[in-house]
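For reference, the structure is listed below as structure tokens.
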Amino acid sequence: MKSNQSPSDRETFMTLASGRIRCSRCQALSKRTKRQCGAPSVRGKRVCRFHGGKSTGPKTKEGRKRCGIAKTVHGGETRAIRAARPAKMAELKTLEKIIEKW
């Protein structure tokens with residue numbers, strides 16, 4: 001189910017304390033209601049602390065490697081498949097040339 005709200009429709013700023021404070025608003029959308037989060041975003045980030053604004057990411061080499069290995073969203077696109085693609089495309093082009101001559 002897609003969101004009806006495009007990124008340009010989201011409110012980027014919000015006012016707090018009766019209009020005296022203006023800050024950026026969290027750009028995260030709710031999965032259930034498809035509405036924008038109402039919390040202010042962390043300074044310098046697009047999202048609030050609840051949606052990952054306080055995250056600094058992995059710091060060590062081992063942590064970055066572990067994060068890179070675990071970063072498969074659906075499992076259909078792995079590094080091995082991505083590495084094998086150019087060879088398969090070259091094989092496909094040679095087969096197309098053989099068919100054209102035939």
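Chain lettering (A, B, ...) mirrors the order of the structure tokens, residue numbering begins at 1 for each chain separately, and ligand numbering begins at 1 in order of display.
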Practice item. Within 12 Å of A:Phe50, counting only C-alpha atoms, which residues show up once you throw out same-chain ones fewer than 5 positions away? Write them as a list of chain:residue names, please. Key: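 Listing them by chain and then by number gives A:Cys26, A:Gln27, A:Ala28, A:Leu29, A:Ser30, A:Cys37, A:Gly38, A:Ala39, A:Pro40, A:Ser41, A:Val42, A:Ser55.
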Point to revise | Non-local contacts of stretch 80-90 of chain A (12 Å; only C-alpha atoms; under 6 positions in same chain excluded) as a PyMOL selection string | key: chain A and resi 69+96-97
Exercise for review: Quick one: pick out all strand (DSSP E) residues within chain A from a backbone DSSP run and write them as a list in words.
Suggested key: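 Taking chain A and keeping strand (DSSP E) gives Phe13, Met14, Thr15, Leu16, Ile21, Arg22, Cys23 and Ser24 of chain A.
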Point to revise | Who sits within 7 Å of A:Phe13, only C-alpha atoms, same chain under 3 positions skipped, as a list in words | key: Arg22, Cys23, Ser24 and Arg25 of chain A
Check your understanding: How many Å lie between atom CA of A:Ala17 and atom CA of A:Lys34, rounded to one decimal?
Key -> 26.3 Å
Point to revise | Backbone DSSP call of helix (DSSP H, G or I) for chain A, listed as a ChimeraX atom specification | key: /A:7-9,49-51,61-70,79-101
I need the chosen residues saved as a PDB file, in the first residue's frame, with C-alpha atoms.
```pdb
ATOM      1  CA  PRO A   7       7.658  14.041  -0.207  1.00  0.00           C
ATOM      2  CA  SER A   8       6.829  17.523  -1.488  1.00  0.00           C
ATOM      3  CA  ASP A   9       3.458  17.472   0.345  1.00  0.00           C
ATOM      4  CA  ARG A  49      14.980  10.444  17.654  1.00  0.00           C
ATOM      5  CA  PHE A  50      12.284   7.762  17.443  1.00  0.00           C
ATOM      6  CA  HIS A  51      12.845   7.198  13.714  1.00  0.00           C
ATOM      7  CA  LYS A  61      35.466  -1.702  10.682  1.00  0.00           C
ATOM      8  CA  GLU A  62      33.892  -4.883  12.020  1.00  0.00           C
ATOM      9  CA  GLY A  63      30.610  -3.069  12.644  1.00  0.00           C
ATOM     10  CA  ARG A  64      30.547  -1.575   9.128  1.00  0.00           C
ATOM     11  CA  LYS A  65      31.315  -4.979   7.616  1.00  0.00           C
ATOM     12  CA  ARG A  66      28.580  -6.644   9.692  1.00  0.00           C
ATOM     13  CA  CYS A  67      26.111  -3.942   8.659  1.00  0.00           C
ATOM     14  CA  GLY A  68      27.061  -4.355   4.985  1.00  0.00           C
ATOM     15  CA  ILE A  69      26.570  -8.110   5.133  1.00  0.00           C
ATOM     16  CA  ALA A  70      23.197  -7.797   6.870  1.00  0.00           C
ATOM     17  CA  ARG A  79      26.761  -9.167  -3.995  1.00  0.00           C
ATOM     18  CA  ALA A  80      27.337 -12.520  -5.706  1.00  0.00           C
ATOM     19  CA  ILE A  81      24.360 -12.036  -8.023  1.00  0.00           C
ATOM     20  CA  ARG A  82      25.423  -8.463  -8.751  1.00  0.00           C
ATOM     21  CA  ALA A  83      28.971  -9.620  -9.573  1.00  0.00           C
ATOM     22  CA  ALA A  84      27.708 -12.364 -11.935  1.00  0.00           C
ATOM     23  CA  ARG A  85      25.412 -10.028 -13.902  1.00  0.00           C
ATOM     24  CA  PRO A  86      28.044  -8.544 -16.307  1.00  0.00           C
ATOM     25  CA  ALA A  87      29.205 -12.025 -17.335  1.00  0.00           C
ATOM     26  CA  LYS A  88      25.626 -13.131 -18.001  1.00  0.00           C
ATOM     27  CA  MET A  89      24.913  -9.969 -20.022  1.00  0.00           C
ATOM     28  CA  ALA A  90      28.045 -10.566 -22.140  1.00  0.00           C
ATOM     29  CA  GLU A  91      26.929 -14.158 -22.746  1.00  0.00           C
ATOM     30  CA  LEU A  92      23.469 -12.935 -23.723  1.00  0.00           C
ATOM     31  CA  LYS A  93      24.923 -10.455 -26.240  1.00  0.00           C
ATOM     32  CA  THR A  94      27.037 -13.157 -27.882  1.00  0.00           C
ATOM     33  CA  LEU A  95      23.974 -15.390 -28.155  1.00  0.00           C
ATOM     34  CA  GLU A  96      22.012 -12.527 -29.736  1.00  0.00           C
ATOM     35  CA  LYS A  97      24.783 -12.050 -32.325  1.00  0.00           C
ATOM     36  CA  ILE A  98      24.724 -15.781 -33.142  1.00  0.00           C
ATOM     37  CA  ILE A  99      20.939 -15.682 -33.588  1.00  0.00           C
ATOM     38  CA  GLU A 100      21.177 -12.620 -35.858  1.00  0.00           C
ATOM     39  CA  LYS A 101      23.660 -14.402 -38.143  1.00  0.00           C
TER      40      LYS A 101
END
```
Exercise for review: Record the distance separating atom CA of A:Thr12 and atom CA of A:Gly53, expressed in Å with one decimal.
Suggested key: 15.2 Å
